[in-house]
Structures are given as structure tokens and as C-alpha cells.
file upload.pdb (PDB, C-alpha atoms, pLDDT in the B column)
MODEL        1
ATOM      1  CA  MET E 152     146.518  34.677 157.453  1.00 57.00           C
ATOM      2  CA  ALA E 153     144.157  36.205 154.909  1.00 60.00           C
ATOM      3  CA  GLN E 154     141.315  36.106 157.418  1.00 62.00           C
ATOM      4  CA  ALA E 155     143.190  38.563 159.624  1.00 64.00           C
ATOM      5  CA  LEU E 156     142.736  41.252 156.972  1.00 63.00           C
ATOM      6  CA  ARG E 157     138.951  41.002 156.779  1.00 64.00           C
ATOM      7  CA  PRO E 158     136.940  43.625 158.659  1.00 61.00           C
ATOM      8  CA  ASN E 159     134.707  42.603 161.538  1.00 58.00           C
ATOM      9  CA  THR E 160     131.145  42.972 160.230  1.00 56.00           C
ATOM     10  CA  ALA E 161     129.385  41.176 163.079  1.00 58.00           C
ATOM     11  CA  GLY E 162     129.229  44.223 165.340  1.00 56.00           C
ATOM     12  CA  SER E 163     126.072  45.929 164.087  1.00 58.00           C
ATOM     13  CA  LEU E 164     122.704  44.611 163.052  1.00 60.00           C
ATOM     14  CA  PHE E 165     122.020  47.020 160.188  1.00 56.00           C
ATOM     15  CA  ALA E 166     125.157  49.058 159.392  1.00 58.00           C
ATOM     16  CA  THR E 167     127.917  46.691 158.293  1.00 69.00           C
ATOM     17  CA  ASP E 168     130.126  49.631 157.374  1.00 78.00           C
ATOM     18  CA  ASP E 169     130.070  51.002 160.965  1.00 75.00           C
ATOM     19  CA  ARG E 170     128.234  54.162 159.978  1.00 83.00           C
ATOM     20  CA  PRO E 171     124.674  55.123 160.928  1.00 86.00           C
ATOM     21  CA  HIS E 172     122.022  55.005 158.221  1.00 87.00           C
ATOM     22  CA  PRO E 173     118.869  56.417 159.860  1.00 92.00           C
ATOM     23  CA  LEU E 174     116.855  56.980 156.657  1.00 95.00           C
ATOM     24  CA  GLN E 175     117.605  53.529 155.278  1.00 93.00           C
ATOM     25  CA  ASP E 176     116.845  51.870 158.619  1.00 93.00           C
ATOM     26  CA  ALA E 177     113.561  53.777 158.887  1.00 96.00           C
ATOM     27  CA  LEU E 178     112.550  52.706 155.372  1.00 96.00           C
ATOM     28  CA  LEU E 179     113.447  49.139 156.264  1.00 96.00           C
ATOM     29  CA  ALA E 180     111.251  49.224 159.369  1.00 97.00           C
ATOM     30  CA  VAL E 181     108.344  50.880 157.538  1.00 97.00           C
ATOM     31  CA  THR E 182     108.556  48.388 154.676  1.00 97.00           C
ATOM     32  CA  LEU E 183     108.579  45.444 157.075  1.00 97.00           C
ATOM     33  CA  VAL E 184     105.586  46.801 159.015  1.00 98.00           C
ATOM     34  CA  PHE E 185     103.607  47.449 155.836  1.00 98.00           C
ATOM     35  CA  GLY E 186     104.596  44.064 154.467  1.00 98.00           C
ATOM     36  CA  VAL E 187     103.483  42.128 157.536  1.00 98.00           C
ATOM     37  CA  THR E 188     100.267  44.131 157.750  1.00 98.00           C
ATOM     38  CA  ALA E 189      99.475  43.597 154.073  1.00 98.00           C
ATOM     39  CA  PHE E 190     100.290  39.891 154.193  1.00 98.00           C
ATOM     40  CA  VAL E 191      98.251  39.143 157.326  1.00 98.00           C
ATOM     41  CA  SER E 192      95.271  41.262 156.275  1.00 97.00           C
ATOM     42  CA  GLY E 193      95.422  39.759 152.785  1.00 95.00           C
ATOM     43  CA  LEU E 194      94.476  36.398 154.258  1.00 95.00           C
ATOM     44  CA  PHE E 195      91.000  37.727 155.108  1.00 94.00           C
ATOM     45  CA  ASP E 196      88.500  38.573 152.358  1.00 90.00           C
ATOM     46  CA  HIS E 197      86.856  41.522 154.089  1.00 92.00           C
ATOM     47  CA  LEU E 198      90.174  43.345 154.726  1.00 94.00           C
ATOM     48  CA  HIS E 199      91.011  43.800 151.055  1.00 93.00           C
ATOM     49  CA  LEU E 200      91.151  47.590 151.285  1.00 94.00           C
ATOM     50  CA  LEU E 201      93.724  47.440 154.079  1.00 96.00           C
ATOM     51  CA  SER E 202      95.825  44.762 152.424  1.00 96.00           C
ATOM     52  CA  SER E 203      95.845  46.326 148.975  1.00 96.00           C
ATOM     53  CA  TRP E 204      96.707  49.852 150.175  1.00 96.00           C
ATOM     54  CA  THR E 205      99.341  48.801 152.712  1.00 97.00           C
ATOM     55  CA  GLY E 206     100.813  46.445 150.136  1.00 97.00           C
ATOM     56  CA  LEU E 207     101.007  49.216 147.559  1.00 97.00           C
ATOM     57  CA  VAL E 208     102.644  51.646 149.991  1.00 98.00           C
ATOM     58  CA  GLY E 209     105.001  48.898 151.158  1.00 98.00           C
ATOM     59  CA  ILE E 210     106.038  48.217 147.573  1.00 98.00           C
ATOM     60  CA  PHE E 211     106.839  51.888 146.982  1.00 98.00           C
ATOM     61  CA  THR E 212     108.741  52.365 150.259  1.00 98.00           C
ATOM     62  CA  GLY E 213     110.633  49.132 149.718  1.00 97.00           C
ATOM     63  CA  ALA E 214     111.570  50.075 146.161  1.00 97.00           C
ATOM     64  CA  TYR E 215     112.856  53.458 147.290  1.00 98.00           C
ATOM     65  CA  GLY E 216     114.686  51.795 150.177  1.00 96.00           C
ATOM     66  CA  GLN E 217     116.347  49.390 147.742  1.00 97.00           C
ATOM     67  CA  TRP E 218     117.393  52.310 145.598  1.00 97.00           C
ATOM     68  CA  ILE E 219     119.162  54.143 148.441  1.00 96.00           C
ATOM     69  CA  SER E 220     120.258  51.185 150.602  1.00 93.00           C
ATOM     70  CA  GLU E 221     123.925  50.912 151.408  1.00 90.00           C
ATOM     71  CA  THR E 222     124.403  47.563 153.151  1.00 90.00           C
ATOM     72  CA  THR E 223     123.543  43.983 152.375  1.00 89.00           C
ATOM     73  CA  ARG E 224     121.598  43.567 155.597  1.00 89.00           C
ATOM     74  CA  GLN E 225     119.320  46.462 154.679  1.00 92.00           C
ATOM     75  CA  ARG E 226     118.712  44.970 151.257  1.00 94.00           C
ATOM     76  CA  PHE E 227     117.897  41.575 152.748  1.00 94.00           C
ATOM     77  CA  GLY E 228     115.269  43.036 155.083  1.00 95.00           C
ATOM     78  CA  LEU E 229     113.849  45.187 152.312  1.00 97.00           C
ATOM     79  CA  ILE E 230     113.456  42.158 150.053  1.00 97.00           C
ATOM     80  CA  LEU E 231     111.521  40.368 152.805  1.00 97.00           C
ATOM     81  CA  GLY E 232     109.271  43.400 153.261  1.00 97.00           C
ATOM     82  CA  LEU E 233     108.825  43.816 149.507  1.00 98.00           C
ATOM     83  CA  GLY E 234     107.850  40.171 149.108  1.00 98.00           C
ATOM     84  CA  ALA E 235     105.294  40.334 151.912  1.00 98.00           C
ATOM     85  CA  SER E 236     103.935  43.633 150.554  1.00 98.00           C
ATOM     86  CA  GLY E 237     103.625  42.197 147.068  1.00 97.00           C
ATOM     87  CA  VAL E 238     101.810  39.071 148.227  1.00 98.00           C
ATOM     88  CA  GLY E 239      99.492  41.129 150.438  1.00 97.00           C
ATOM     89  CA  PHE E 240      98.846  43.589 147.615  1.00 97.00           C
ATOM     90  CA  PHE E 241      97.948  40.863 145.133  1.00 97.00           C
ATOM     91  CA  LEU E 242      95.726  39.070 147.640  1.00 96.00           C
ATOM     92  CA  GLY E 243      93.962  42.344 148.383  1.00 95.00           C
ATOM     93  CA  MET E 244      93.483  42.983 144.683  1.00 94.00           C
ATOM     94  CA  ALA E 245      92.079  39.498 144.206  1.00 93.00           C
ATOM     95  CA  HIS E 246      89.621  39.979 147.078  1.00 92.00           C
ATOM     96  CA  GLY E 247      88.218  43.321 145.951  1.00 90.00           C
ATOM     97  CA  GLY E 248      90.900  45.805 145.015  1.00 89.00           C
ATOM     98  CA  LEU E 249      91.907  49.275 146.072  1.00 91.00           C
ATOM     99  CA  PHE E 250      88.444  50.808 145.897  1.00 89.00           C
ATOM    100  CA  GLY E 251      86.235  48.056 147.183  1.00 78.00           C
ATOM    101  CA  GLY E 252      85.275  46.519 143.875  1.00 67.00           C
ATOM    102  CA  TRP E 253      82.351  48.904 143.303  1.00 62.00           C
ATOM    103  CA  ILE E 254      83.994  51.025 140.611  1.00 50.00           C
ATOM    104  CA  SER E 255      83.709  49.578 137.120  1.00 45.00           C
TER
ENDMDL
END
call {"tool": "encode", "arguments": {"input": "upload.pdb", "output": "C-alpha cells"}}
result
Amino acid sequence: MAQALRPNTAGSLFATDDRPHPLQDALLAVTLVFGVTAFVSGLFDHLHLLSSWTGLVGIFTGAYGQWISETTRQRFGLILGLGASGVGFFLGMAHGGLFGGWIS
């Protein structure tokens, strides 16, 4: 009967402790949006400015979100966004960098 003592965590998508976390959920959404944008734009050579800057911002928002996150589901989504932001950032840097490749 040990399973009868476990709390029901399947009720909410983001808050597994049954409390609202608006700042953490907003950082999760922003990190995911920046991550997808950086990853998709990183696949094209001429969008290196977009991919490198959105990747960099996504890395910073995801890192701060990881620092203040309170649930495992938030951390999982933030890791996905951080990974996509990192890949998009590095692809953007390889294609021309943050300033267009004209500064030496």
C-alpha cells in the first residue's frame, strides 16, 4: 500500500507541487521560443545574426530559469530550450558570428 501515500503529480503540466510558478513558466516559454528560433535559423547561412543572438539570449534566459526553477518538468523543458539555443548559437557563430563577420 505504499503507492497510496504518493501524491498525485499528474494533474498539472508545469507545477508538480500544485502551486503556480508564473515567472518560471514564462522563462520556460521564452527559452523554448528562443531555442527553436535559434536552431531553425541556424540551419541557414544568411541568418547567422538571428541565430547567434537568439541563441545567446536563449542561453542566458535558460540558465537563469534553471537557477530559479522549482519543478522537474520546468527543468526538463529548460534543458530542451538550452540545448536548442546552444546548437543555434554555435551554428550562427560558425556561419558569421554576432556582428556579421566584418569586425576583425
call {"tool": "residues_near_point", "arguments": {"input": "upload.pdb", "point": "(123.1, 47.7, 150.0)", "cutoff": "12 Å", "atoms": "only C-alpha atoms", "output": "CSV table (one decimal) with C-alpha atoms, in the coordinates of the input"}}
result
chain,number,residue,atom,x,y,z
E,165,PHE,CA,122.0,47.0,160.2
E,166,ALA,CA,125.2,49.1,159.4
E,167,THR,CA,127.9,46.7,158.3
E,168,ASP,CA,130.1,49.6,157.4
E,172,HIS,CA,122.0,55.0,158.2
E,175,GLN,CA,117.6,53.5,155.3
E,176,ASP,CA,116.8,51.9,158.6
E,179,LEU,CA,113.4,49.1,156.3
E,216,GLY,CA,114.7,51.8,150.2
E,217,GLN,CA,116.3,49.4,147.7
E,218,TRP,CA,117.4,52.3,145.6
E,219,ILE,CA,119.2,54.1,148.4
E,220,SER,CA,120.3,51.2,150.6
E,221,GLU,CA,123.9,50.9,151.4
E,222,THR,CA,124.4,47.6,153.2
E,223,THR,CA,123.5,44.0,152.4
E,224,ARG,CA,121.6,43.6,155.6
E,225,GLN,CA,119.3,46.5,154.7
E,226,ARG,CA,118.7,45.0,151.3
E,227,PHE,CA,117.9,41.6,152.7
E,228,GLY,CA,115.3,43.0,155.1
E,229,LEU,CA,113.8,45.2,152.3
E,230,ILE,CA,113.5,42.2,150.1
call {"tool": "atom_distance", "arguments": {"input": "upload.pdb", "atom1": "atom CA of Leu231 of chain E", "atom2": "atom CA of Leu183 of chain E"}}
result
7.3 Å
call {"tool": "resolve_selection", "arguments": {"input": "upload.pdb", "expression": "the PyMOL selection byres ((chain E and resi 203) around 10)", "output": "count of residues only"}}
result
31
call {"tool": "atom_distance", "arguments": {"input": "upload.pdb", "atom1": "atom CA of Thr188 of chain E", "atom2": "atom CA of Pro173 of chain E"}}
result
22.4 Å
call {"tool": "atom_distance", "arguments": {"input": "upload.pdb", "atom1": "atom CA of Val184 of chain E", "atom2": "atom CA of Ala235 of chain E"}}
result
9.6 Å
call {"tool": "closest_residue", "arguments": {"input": "upload.pdb", "among": "E:Tyr215, E:Leu174, E:Asp169, E:Gly234", "to": "Val187 of chain E", "atoms": "all atoms listed in the file"}}
result
E:Gly234
call {"tool": "axis_aligned_box", "arguments": {"input": "upload.pdb", "around": "segment 188-207 of chain E", "padding_each_side": "5 Å", "output": "JSON"}}
result
{"center_x": 93.9, "center_y": 43.1, "center_z": 152.7, "size_x": 24.2, "size_y": 23.5, "size_z": 20.2}
